[in-house]
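Novice: Following this line is structure-v8.json, made up of JSON, C-alpha atoms (C1' of nucleotides):
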```json
[["chain", "number", "residue", "atom", "x", "y", "z"],
["A", 1, "MET", "CA", 25.20, -121.26, -112.04],
["A", 2, "GLU", "CA", 27.86, -123.85, -111.53],
["A", 3, "THR", "CA", 27.32, -127.15, -113.29],
["A", 4, "GLY", "CA", 28.60, -130.70, -113.21],
["A", 5, "THR", "CA", 27.88, -134.16, -114.55],
["A", 6, "ILE", "CA", 28.18, -137.64, -113.12],
["A", 7, "PRO", "CA", 28.06, -140.63, -115.51],
["A", 8, "LEU", "CA", 25.21, -142.96, -114.54],
["A", 9, "ALA", "CA", 27.55, -145.83, -115.33],
["A", 10, "ASP", "CA", 29.59, -144.81, -112.29],
["A", 11, "LEU", "CA", 26.62, -145.31, -109.97],
["A", 12, "ALA", "CA", 26.37, -148.95, -108.91],
["A", 13, "GLY", "CA", 22.78, -150.06, -109.42],
["A", 14, "GLY", "CA", 21.92, -147.02, -111.52],
["A", 15, "MET", "CA", 19.86, -143.95, -110.77],
["A", 16, "ASP", "CA", 16.21, -143.37, -111.62],
["A", 17, "LEU", "CA", 15.50, -139.75, -110.71],
["A", 18, "TYR", "CA", 11.78, -140.02, -111.38],
["A", 19, "ARG", "CA", 11.28, -143.00, -109.10],
["A", 20, "THR", "CA", 13.60, -141.55, -106.47],
["A", 21, "LEU", "CA", 11.91, -138.16, -106.25],
["A", 22, "GLU", "CA", 8.30, -139.18, -106.96],
["A", 23, "SER", "CA", 7.93, -142.24, -104.74],
["A", 24, "GLY", "CA", 6.59, -140.40, -101.71],
["A", 25, "GLN", "CA", 9.88, -140.30, -99.79],
["A", 26, "THR", "CA", 10.55, -136.60, -100.19],
["A", 27, "TYR", "CA", 8.31, -133.61, -100.69],
["A", 28, "LEU", "CA", 11.07, -131.03, -100.86],
["A", 29, "TRP", "CA", 11.83, -131.29, -104.58],
["A", 30, "ARG", "CA", 9.80, -129.77, -107.39],
["A", 31, "ARG", "CA", 9.59, -130.80, -111.01],
["A", 32, "GLU", "CA", 9.99, -127.86, -113.30],
["A", 33, "ASP", "CA", 7.17, -128.83, -115.66],
["A", 34, "GLY", "CA", 4.80, -128.61, -112.68],
["A", 35, "GLU", "CA", 3.37, -132.08, -113.35],
["A", 36, "MET", "CA", 4.84, -133.93, -110.39],
["A", 37, "TYR", "CA", 2.84, -137.00, -109.34],
["A", 38, "ARG", "CA", 0.58, -136.68, -112.37],
["A", 39, "THR", "CA", 2.54, -137.93, -115.34],
["A", 40, "GLU", "CA", 5.94, -139.39, -116.06],
["A", 41, "PRO", "CA", 8.37, -136.62, -116.94],
["A", 42, "ALA", "CA", 9.73, -136.15, -120.43],
["A", 43, "PRO", "CA", 13.39, -137.19, -120.72],
["A", 44, "GLY", "CA", 15.70, -134.49, -119.42],
["A", 45, "THR", "CA", 13.14, -132.80, -117.14],
["A", 46, "TRP", "CA", 14.72, -130.82, -114.33],
["A", 47, "TYR", "CA", 13.96, -131.20, -110.63],
["A", 48, "SER", "CA", 14.92, -128.49, -108.15],
["A", 49, "THR", "CA", 15.25, -127.92, -104.44],
["A", 50, "VAL", "CA", 16.83, -125.39, -102.10],
["A", 51, "VAL", "CA", 19.32, -126.44, -99.44],
["A", 52, "ASP", "CA", 21.15, -124.03, -97.14],
["A", 53, "GLY", "CA", 20.06, -121.07, -99.26],
["A", 54, "GLU", "CA", 21.41, -122.56, -102.48],
["A", 55, "VAL", "CA", 19.26, -123.58, -105.44],
["A", 56, "ILE", "CA", 20.05, -127.03, -106.78],
["A", 57, "ARG", "CA", 18.72, -128.46, -110.05],
["A", 58, "VAL", "CA", 19.24, -132.00, -111.28],
["A", 59, "ARG", "CA", 18.23, -134.06, -114.29],
["A", 60, "THR", "CA", 19.31, -137.15, -116.15],
["A", 61, "ALA", "CA", 20.14, -136.93, -119.83],
["A", 62, "ASP", "CA", 22.47, -138.72, -122.21],
["A", 63, "GLY", "CA", 23.41, -141.32, -119.64],
["A", 64, "ARG", "CA", 24.54, -138.72, -117.14],
["A", 65, "LEU", "CA", 23.23, -137.08, -114.03],
["A", 66, "GLU", "CA", 23.57, -133.32, -114.53],
["A", 67, "TRP", "CA", 23.38, -130.76, -111.77],
["A", 68, "GLN", "CA", 23.31, -126.98, -111.67],
["A", 69, "SER", "CA", 23.58, -124.85, -108.58],
["A", 70, "THR", "CA", 24.34, -121.44, -107.21],
["A", 71, "THR", "CA", 27.34, -123.10, -105.58],
["A", 72, "ASP", "CA", 29.58, -126.13, -106.05],
["A", 73, "ALA", "CA", 26.92, -128.62, -105.10],
["A", 74, "GLU", "CA", 28.30, -132.00, -106.08],
["A", 75, "PRO", "CA", 28.88, -133.17, -102.49],
["A", 76, "THR", "CA", 25.38, -132.00, -101.56],
["A", 77, "VAL", "CA", 23.82, -133.70, -104.58],
["A", 78, "ARG", "CA", 25.63, -136.92, -103.68],
["A", 79, "ARG", "CA", 24.29, -136.70, -100.15],
["A", 80, "LEU", "CA", 20.70, -135.71, -101.00],
["A", 81, "LEU", "CA", 20.33, -138.43, -103.64],
["A", 82, "ARG", "CA", 22.58, -140.98, -101.92],
["A", 83, "LEU", "CA", 24.65, -141.44, -105.05],
["A", 84, "ASP", "CA", 27.38, -143.23, -103.15],
["A", 85, "ASP", "CA", 25.08, -146.04, -102.03],
["A", 86, "ASP", "CA", 26.03, -149.29, -103.74],
["A", 87, "LEU", "CA", 22.46, -150.02, -104.79],
["A", 88, "GLU", "CA", 23.51, -153.17, -106.60],
["A", 89, "ALA", "CA", 25.00, -154.60, -103.43],
["A", 90, "ILE", "CA", 21.96, -153.59, -101.39],
["A", 91, "VAL", "CA", 19.63, -155.36, -103.81],
["A", 92, "ASP", "CA", 21.86, -158.45, -103.95],
["A", 93, "ALA", "CA", 22.01, -158.67, -100.17],
["A", 94, "ALA", "CA", 18.25, -158.34, -99.72],
["A", 95, "PRO", "CA", 16.27, -161.34, -98.49],
["A", 96, "ASP", "CA", 15.14, -163.61, -101.28],
["A", 97, "ASP", "CA", 11.39, -163.39, -101.02],
["A", 98, "PRO", "CA", 8.97, -163.03, -103.93],
["A", 99, "LEU", "CA", 7.41, -159.66, -103.08],
["A", 100, "LEU", "CA", 10.71, -157.96, -102.39],
["A", 101, "ARG", "CA", 12.37, -159.37, -105.52],
["A", 102, "GLU", "CA", 9.40, -158.19, -107.57],
["A", 103, "ALA", "CA", 9.54, -154.70, -106.05],
["A", 104, "TYR", "CA", 13.30, -154.32, -106.58],
["A", 105, "GLU", "CA", 12.99, -155.62, -110.12],
["A", 106, "ALA", "CA", 10.12, -153.27, -111.01],
["A", 107, "HIS", "CA", 11.83, -150.10, -109.83],
["A", 108, "ARG", "CA", 15.50, -150.48, -110.69],
["A", 109, "GLY", "CA", 17.51, -147.40, -109.85],
["A", 110, "MET", "CA", 15.23, -145.99, -107.16],
["A", 111, "ARG", "CA", 17.39, -144.68, -104.33],
["A", 112, "LEU", "CA", 16.59, -143.50, -100.86],
["A", 113, "VAL", "CA", 16.98, -139.76, -100.28],
["A", 114, "THR", "CA", 18.47, -137.65, -97.54],
["A", 115, "ASP", "CA", 16.17, -134.75, -96.75],
["A", 116, "PRO", "CA", 17.05, -131.84, -94.45],
["A", 117, "ALA", "CA", 15.69, -132.79, -91.03],
["A", 118, "PHE", "CA", 13.23, -130.00, -90.32],
["A", 119, "GLY", "CA", 11.62, -130.04, -93.76],
["A", 120, "CYS", "CA", 11.34, -133.81, -93.59],
["A", 121, "LEU", "CA", 9.75, -133.65, -90.14],
["A", 122, "ILE", "CA", 7.11, -131.13, -91.21],
["A", 123, "SER", "CA", 6.48, -132.98, -94.48],
["A", 124, "PHE", "CA", 5.61, -136.18, -92.68],
["A", 125, "ILE", "CA", 3.52, -134.42, -90.05],
["A", 126, "CYS", "CA", 1.50, -133.20, -93.04],
["A", 127, "SER", "CA", 1.38, -136.73, -94.47],
["A", 128, "ALA", "CA", -1.15, -138.11, -91.98],
["A", 129, "GLN", "CA", -4.16, -139.55, -93.83],
["A", 130, "MET", "CA", -3.16, -137.76, -97.01],
["A", 131, "ARG", "CA", -2.29, -138.81, -100.56],
["A", 132, "VAL", "CA", 1.25, -138.23, -101.72],
["A", 133, "SER", "CA", 0.30, -135.69, -104.38],
["A", 134, "ARG", "CA", -1.52, -133.60, -101.79],
["A", 135, "ILE", "CA", 1.34, -133.85, -99.31],
["A", 136, "HIS", "CA", 3.58, -132.46, -102.00],
["A", 137, "GLY", "CA", 1.07, -129.69, -102.61],
["A", 138, "MET", "CA", 0.93, -128.76, -98.92],
["A", 139, "VAL", "CA", 4.71, -128.68, -98.55],
["A", 140, "SER", "CA", 5.02, -126.55, -101.69],
["A", 141, "THR", "CA", 2.41, -124.18, -100.28],
["A", 142, "LEU", "CA", 4.29, -123.84, -96.99],
["A", 143, "ALA", "CA", 7.46, -122.99, -98.92],
["A", 144, "ARG", "CA", 5.69, -120.43, -101.07],
["A", 145, "GLU", "CA", 3.93, -118.76, -98.13],
["A", 146, "TYR", "CA", 6.65, -118.83, -95.47],
["A", 147, "GLY", "CA", 9.95, -119.68, -97.16],
["A", 148, "THR", "CA", 12.59, -117.38, -98.56],
["A", 149, "PRO", "CA", 12.19, -116.75, -102.30],
["A", 150, "LEU", "CA", 15.31, -116.97, -104.44],
["A", 151, "ASP", "CA", 15.38, -115.56, -107.96],
["A", 152, "VAL", "CA", 17.84, -117.34, -110.21],
["A", 153, "ASP", "CA", 17.98, -117.02, -113.99],
["A", 154, "GLY", "CA", 14.46, -115.63, -114.22],
["A", 155, "ARG", "CA", 12.86, -118.33, -112.07],
["A", 156, "THR", "CA", 11.73, -118.06, -108.47],
["A", 157, "TYR", "CA", 12.57, -120.88, -106.10],
["A", 158, "TYR", "CA", 11.33, -121.12, -102.52],
["A", 159, "ALA", "CA", 13.37, -122.54, -99.69],
["A", 160, "PHE", "CA", 11.41, -124.62, -97.21],
["A", 161, "PRO", "CA", 10.77, -122.27, -94.27],
["A", 162, "THR", "CA", 13.13, -122.26, -91.32],
["A", 163, "PRO", "CA", 11.64, -123.19, -87.93],
["A", 164, "GLU", "CA", 11.58, -119.48, -87.08],
["A", 165, "GLN", "CA", 9.75, -118.60, -90.29],
["A", 166, "LEU", "CA", 7.21, -121.38, -89.90],
["A", 167, "ALA", "CA", 6.67, -120.55, -86.23],
["A", 168, "THR", "CA", 5.25, -117.18, -87.32],
["A", 169, "ALA", "CA", 2.34, -119.02, -88.93],
["A", 170, "THR", "CA", -0.92, -119.32, -87.03],
["A", 171, "GLU", "CA", -3.15, -122.35, -86.88],
["A", 172, "ALA", "CA", -5.90, -120.37, -88.62],
["A", 173, "GLU", "CA", -3.59, -119.45, -91.50],
["A", 174, "LEU", "CA", -2.52, -123.04, -92.05],
["A", 175, "ARG", "CA", -6.11, -124.24, -91.96],
["A", 176, "GLU", "CA", -6.85, -121.62, -94.57],
["A", 177, "LEU", "CA", -4.05, -123.15, -96.66],
["A", 178, "GLY", "CA", -5.75, -126.53, -96.49],
["A", 179, "LEU", "CA", -3.72, -128.34, -93.83],
["A", 180, "GLY", "CA", -6.82, -129.30, -91.89],
["A", 181, "TYR", "CA", -6.26, -130.81, -88.46],
["A", 182, "ARG", "CA", -2.49, -130.94, -89.08],
["A", 183, "ALA", "CA", -2.33, -127.15, -88.80],
["A", 184, "PRO", "CA", -1.80, -126.96, -85.02],
["A", 185, "TYR", "CA", 0.71, -129.83, -85.18],
["A", 186, "VAL", "CA", 2.84, -127.94, -87.69],
["A", 187, "VAL", "CA", 2.71, -124.68, -85.75],
["A", 188, "ARG", "CA", 3.49, -126.28, -82.39],
["A", 189, "THR", "CA", 6.34, -128.40, -83.76],
["A", 190, "ALA", "CA", 7.84, -125.39, -85.54],
["A", 191, "GLU", "CA", 7.67, -123.48, -82.27],
["A", 192, "MET", "CA", 9.36, -126.30, -80.39],
["A", 193, "VAL", "CA", 12.29, -126.28, -82.81],
["A", 194, "ALA", "CA", 12.44, -122.48, -83.08],
["A", 195, "ASP", "CA", 12.46, -122.17, -79.28],
["A", 196, "GLY", "CA", 15.33, -124.62, -79.02],
["A", 197, "GLU", "CA", 13.23, -127.06, -77.03],
["A", 198, "ALA", "CA", 14.27, -129.91, -79.34],
["A", 199, "HIS", "CA", 15.59, -130.48, -82.84],
["A", 200, "PRO", "CA", 14.97, -133.50, -85.08],
["A", 201, "ALA", "CA", 18.65, -133.69, -86.00],
["A", 202, "GLU", "CA", 19.40, -134.49, -82.34],
["A", 203, "ALA", "CA", 17.95, -137.94, -82.92],
["A", 204, "ARG", "CA", 20.85, -138.76, -85.24],
["A", 205, "ASN", "CA", 23.14, -139.49, -82.30],
["A", 206, "LEU", "CA", 20.80, -141.93, -80.58],
["A", 207, "GLU", "CA", 20.26, -145.67, -80.87],
["A", 208, "TYR", "CA", 17.45, -146.48, -83.29],
["A", 209, "GLU", "CA", 14.48, -147.01, -80.98],
["A", 210, "ALA", "CA", 15.60, -144.21, -78.66],
["A", 211, "ALA", "CA", 15.81, -141.96, -81.72],
["A", 212, "ARG", "CA", 12.24, -142.89, -82.64],
["A", 213, "ASP", "CA", 11.05, -142.08, -79.12],
["A", 214, "TYR", "CA", 12.91, -138.77, -79.23],
["A", 215, "LEU", "CA", 11.10, -137.71, -82.41],
["A", 216, "CYS", "CA", 7.74, -138.66, -80.91],
["A", 217, "GLN", "CA", 7.97, -135.70, -78.55],
["A", 218, "PHE", "CA", 7.08, -133.41, -81.47],
["A", 219, "VAL", "CA", 3.38, -132.67, -81.80],
["A", 220, "GLY", "CA", 1.82, -134.66, -84.62],
["A", 221, "VAL", "CA", 4.62, -137.21, -84.62],
["A", 222, "GLY", "CA", 3.88, -140.82, -83.73],
["A", 223, "ASP", "CA", 5.91, -143.96, -84.39],
["A", 224, "LYS", "CA", 5.19, -144.04, -88.11],
["A", 225, "VAL", "CA", 6.09, -140.42, -88.86],
["A", 226, "ALA", "CA", 9.15, -140.77, -86.64],
["A", 227, "ASP", "CA", 10.29, -143.78, -88.67],
["A", 228, "CYS", "CA", 9.89, -141.80, -91.89],
["A", 229, "VAL", "CA", 12.11, -139.02, -90.58],
["A", 230, "LEU", "CA", 14.70, -141.53, -89.37],
["A", 231, "LEU", "CA", 14.73, -143.26, -92.75],
["A", 232, "PHE", "CA", 14.47, -140.33, -95.16],
["A", 233, "SER", "CA", 16.56, -137.81, -93.30],
["A", 234, "LEU", "CA", 18.66, -139.14, -90.45],
["A", 235, "GLY", "CA", 20.38, -142.16, -91.97],
["A", 236, "PHE", "CA", 18.57, -144.95, -90.11],
["A", 237, "ASP", "CA", 18.34, -147.43, -92.99],
["A", 238, "GLU", "CA", 16.87, -150.06, -90.69],
["A", 239, "ALA", "CA", 13.74, -147.99, -89.99],
["A", 240, "VAL", "CA", 10.56, -149.52, -91.42],
["A", 241, "PRO", "CA", 7.64, -147.08, -91.28],
["A", 242, "LEU", "CA", 4.45, -149.08, -90.68],
["A", 243, "ASP", "CA", 1.99, -147.27, -92.91],
["A", 244, "THR", "CA", -1.22, -148.54, -94.49],
["A", 245, "TRP", "CA", 0.62, -150.11, -97.41],
["A", 246, "ILE", "CA", 3.26, -151.97, -95.45],
["A", 247, "LYS", "CA", 0.57, -153.11, -93.02],
["A", 248, "SER", "CA", -1.35, -154.64, -95.89],
["A", 249, "ALA", "CA", 1.89, -156.24, -97.07],
["A", 250, "ILE", "CA", 2.38, -157.73, -93.62],
["A", 251, "GLU", "CA", -1.16, -159.06, -93.65],
["A", 252, "ASP", "CA", -0.80, -160.58, -97.12],
["A", 253, "TYR", "CA", 2.85, -161.65, -97.26],
["A", 254, "TYR", "CA", 4.35, -161.67, -93.75],
["A", 255, "PRO", "CA", 1.42, -162.48, -91.41],
["A", 256, "ASP", "CA", 3.68, -163.96, -88.73],
["A", 257, "CYS", "CA", 5.32, -160.52, -88.36],
["A", 258, "ASP", "CA", 2.12, -158.98, -87.00],
["A", 259, "ARG", "CA", 2.89, -158.85, -83.29],
["A", 260, "GLY", "CA", 0.14, -156.47, -82.26],
["A", 261, "SER", "CA", 2.06, -153.45, -81.07],
["A", 262, "TYR", "CA", 3.95, -151.09, -83.37],
["A", 263, "ALA", "CA", 7.28, -151.68, -81.65],
["A", 264, "ALA", "CA", 7.09, -155.48, -81.75],
["A", 265, "THR", "CA", 5.76, -155.65, -85.29],
["A", 266, "SER", "CA", 8.45, -153.19, -86.32],
["A", 267, "ARG", "CA", 11.20, -155.44, -84.97],
["A", 268, "ALA", "CA", 9.75, -158.51, -86.65],
["A", 269, "ILE", "CA", 9.32, -156.97, -90.10],
["A", 270, "ARG", "CA", 12.72, -155.27, -89.84],
["A", 271, "ASP", "CA", 14.36, -158.65, -89.33],
["A", 272, "ARG", "CA", 12.32, -160.17, -92.14],
["A", 273, "LEU", "CA", 13.33, -157.44, -94.58],
["A", 274, "GLY", "CA", 17.02, -157.84, -93.91],
["A", 275, "GLY", "CA", 17.73, -155.72, -90.84],
["A", 276, "GLU", "CA", 20.39, -153.20, -91.78],
["A", 277, "TYR", "CA", 18.75, -152.08, -95.06],
["A", 278, "ALA", "CA", 15.16, -152.99, -94.15],
["A", 279, "GLY", "CA", 14.12, -149.40, -94.80],
["A", 280, "TYR", "CA", 15.31, -149.66, -98.40],
["A", 281, "ALA", "CA", 13.20, -152.78, -98.79],
["A", 282, "GLN", "CA", 10.21, -151.07, -97.20],
["A", 283, "THR", "CA", 10.46, -148.12, -99.58],
["A", 284, "TYR", "CA", 10.46, -150.41, -102.61],
["A", 285, "ILE", "CA", 7.53, -152.44, -101.31],
["A", 286, "PHE", "CA", 5.61, -149.25, -100.50],
["A", 287, "HIS", "CA", 6.17, -147.81, -103.96],
["A", 288, "HIS", "CA", 5.48, -151.11, -105.70],
["A", 289, "LEU", "CA", 2.17, -151.71, -103.94],
["A", 290, "ARG", "CA", 1.03, -148.08, -103.97],
["A", 291, "THR", "CA", 1.60, -147.58, -107.69],
["A", 292, "GLY", "CA", 0.64, -151.10, -108.70],
["A", 293, "GLU", "CA", 3.64, -151.09, -111.01],
["B", 294, "DG", "C1'", -22.43, -139.93, -101.20],
["B", 295, "DA", "C1'", -19.60, -143.26, -99.17],
["B", 296, "DC", "C1'", -14.77, -144.37, -98.96],
["B", 297, "DC", "C1'", -9.94, -143.54, -98.60],
["B", 298, "DA", "C1'", -5.43, -141.24, -98.04],
["B", 299, "DG", "C1'", 2.53, -142.82, -96.01],
["B", 300, "DG", "C1'", -1.82, -141.33, -88.49],
["B", 301, "DT", "C1'", -1.94, -138.95, -84.13],
["B", 302, "DA", "C1'", -3.86, -137.02, -79.83],
["B", 303, "DG", "C1'", -6.73, -137.61, -76.12],
["B", 304, "DC", "C1'", -9.20, -140.32, -73.23],
["B", 305, "DA", "C1'", -11.23, -144.61, -70.99],
["B", 306, "DA", "C1'", -10.68, -149.11, -69.22],
["C", 307, "DT", "C1'", -0.21, -150.61, -72.00],
["C", 308, "DT", "C1'", -4.13, -151.33, -75.24],
["C", 309, "DG", "C1'", -8.36, -149.86, -77.63],
["C", 310, "DC", "C1'", -11.53, -146.64, -79.36],
["C", 311, "DT", "C1'", -12.78, -142.05, -81.65],
["C", 312, "DA", "C1'", -12.48, -137.41, -83.59],
["C", 313, "DC", "C1'", -10.04, -134.98, -86.64],
["C", 314, "DA", "C1'", -9.95, -131.76, -92.39],
["C", 315, "DT", "C1'", -9.95, -132.13, -96.99],
["C", 316, "DG", "C1'", -10.01, -133.38, -101.83],
["C", 317, "DG", "C1'", -10.20, -137.09, -105.23],
["C", 318, "DT", "C1'", -12.54, -141.32, -107.12]]
```
Please go through the file and, once you have read it, give me the structure as structure tokens.
Specialist:
Amino acid sequence: METGTIPLADLAGGMDLYRTLESGQTYLWRREDGEMYRTEPAPGTWYSTVVDGEVIRVRTADGRLEWQSTTDAEPTVRRLLRLDDDLEAIVDAAPDDPLLREAYEAHRGMRLVTDPAFGCLISFICSAQMRVSRIHGMVSTLAREYGTPLDVDGRTYYAFPTPEQLATATEAELRELGLGYRAPYVVRTAEMVADGEAHPAEARNLEYEAARDYLCQFVGVGDKVADCVLLFSLGFDEAVPLDTWIKSAIEDYYPDCDRGSYAATSRAIRDRLGGEYAGYAQTYIFHHLRTGE
DNA sequence: GACCAGGTAGCAA
DNA sequence: TTGCTACATGGT
């Protein structure tokens, strides 16, 4: 394993690995004590993921972010965890409203993530009407059942399945694995990508609302899931997924932003939350309200 | 035993 | 376009 360290002091605005990886943005990392979404991790607990066939582990200890990987992964770690974001500047530039200030203050160091597009897409198809801990469980199950296992230093890691691997699954199998009514959505979307009909990464080159419409062609993907993929994978920091929590925030804190339709409400709340980095603001508000912390 | 969870598809008006 | 409703499943 190759290793490296990055001083947390070099990361403007800090880095809270726990809040970043356990705030319901990404379901593609696993905590090596197996207690993800149940308890706070002990200091120095490792998280791991697999990207492009390479195992990557990260943890924070002694004021540093440490990584280990089967390859030189520092550029990948920087990308996945958005270490080059100037979080301090993002927070300072955010609109000065009470809820947002409170959320940013309560969760200092939480960063957005960059997930691989296909894994992110499937994760959020699974997320419909589901608690974050169970979404994580489903995604882990898909990796274990259909992904490529990698044995490194006596541990087995599972890559999230490729579109081709996941397209071999049947609806019945996925129902058996507890995906419920999402099972056919996952199979059909995997088939669409495997067949070359469309690929979520294609949306990266489009204008924001066109990108959202593009993603909605996948089965099981509506406006909200599309916004999650844009925000957590494709670099659209202005995307504001309108989920149950942000809708309650709109009702309680930004009632004038409720414009009826998803598209119109989305534009209004995006402007209210600062436009360019509205998705950052949304993620903090989501986590703040959902955890009650 | 309701009620809820990072909603969407399908259909009617 | 907008407004229902059915859809699985596990935790509280």
Novice: Compile the residues of chain A that lie within 9 Å of chain B, evaluated using only C-alpha atoms (C1' of nucleotides), and express the compilation as a PyMOL selection string.
Specialist: chain A and resi 24-25+124-125+127-132+219-222+224-225+228+241-245+286
Novice: For a quick check of understanding, using all atoms listed in the file, which of A:Ala183, A:Asn205, A:Ala239, A:Asp258 has the smallest distance to chain C?
Specialist: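 Selected residue with least distance to chain C: A:Ala183.
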Novice: Can you list, as JSON, numbers by chain, every protein, DNA or RNA residue that comes within 8 Å of Ser266 in chain A when you count only C-alpha atoms (C1' of nucleotides), leaving out same-chain residues fewer than 3 positions away?
Specialist: {"A": [240, 241, 242, 262, 263, 269, 270]}
Novice: Write out as a list in words each polymer residue whose atoms come within 9 Å of Arg59 in chain A, counting only C-alpha atoms (C1' of nucleotides); drop sequence neighbours fewer than 3 positions from it.
Specialist: Leu17, Pro43, Gly44, Thr45, Trp46, Tyr47, Ser48, Arg64, Leu65, Glu66 and Trp67 of chain A
Novice: With chain C as the partner and 9 Å as the cut-off, tabulate the residues of chain A that qualify, each row holding the nearest pair of atoms and their distance in Å to one decimal, using all atoms listed in the file, sorted by chain and rising number, as JSON lines.
Specialist:
```
{"residue": "A:Met130", "atom": "CA", "partner": "C:DT315", "partner_atom": "C1'", "distance": 8.8}
{"residue": "A:Arg134", "atom": "CA", "partner": "C:DG316", "partner_atom": "C1'", "distance": 8.5}
{"residue": "A:Arg175", "atom": "CA", "partner": "C:DA314", "partner_atom": "C1'", "distance": 8.5}
{"residue": "A:Gly178", "atom": "CA", "partner": "C:DT315", "partner_atom": "C1'", "distance": 7.0}
{"residue": "A:Leu179", "atom": "CA", "partner": "C:DA314", "partner_atom": "C1'", "distance": 7.3}
{"residue": "A:Gly180", "atom": "CA", "partner": "C:DA314", "partner_atom": "C1'", "distance": 4.0}
{"residue": "A:Tyr181", "atom": "CA", "partner": "C:DA314", "partner_atom": "C1'", "distance": 5.5}
{"residue": "A:Arg182", "atom": "CA", "partner": "C:DA314", "partner_atom": "C1'", "distance": 8.2}
{"residue": "A:Ser261", "atom": "CA", "partner": "C:DT308", "partner_atom": "C1'", "distance": 8.8}
```
Novice: So that I can check the surroundings of Ala42 in chain A, please list as a PyMOL selection string every protein, DNA and RNA residue that reaches within 12 Å of it, counting only C-alpha atoms (C1' of nucleotides) and ignoring chain neighbours fewer than 5 positions away.
Specialist: chain A and resi 17-18+31-36+47+59-61
Novice: Give, as JSON, the centre coordinates and the x, y and z edge lengths in Å to one decimal for an axis-aligned box around all listed atoms of chain C, padded by 6 Å on each side.
Specialist:
```
{"center_x": -6.5, "center_y": -141.5, "center_z": -89.6, "size_x": 24.6, "size_y": 31.6, "size_z": 47.1}
```
Novice: What is the distance between CA of Arg155 in chain A and CA of Leu142 in chain A, in Å to one decimal?
Specialist: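 The value is 18.2 Å.
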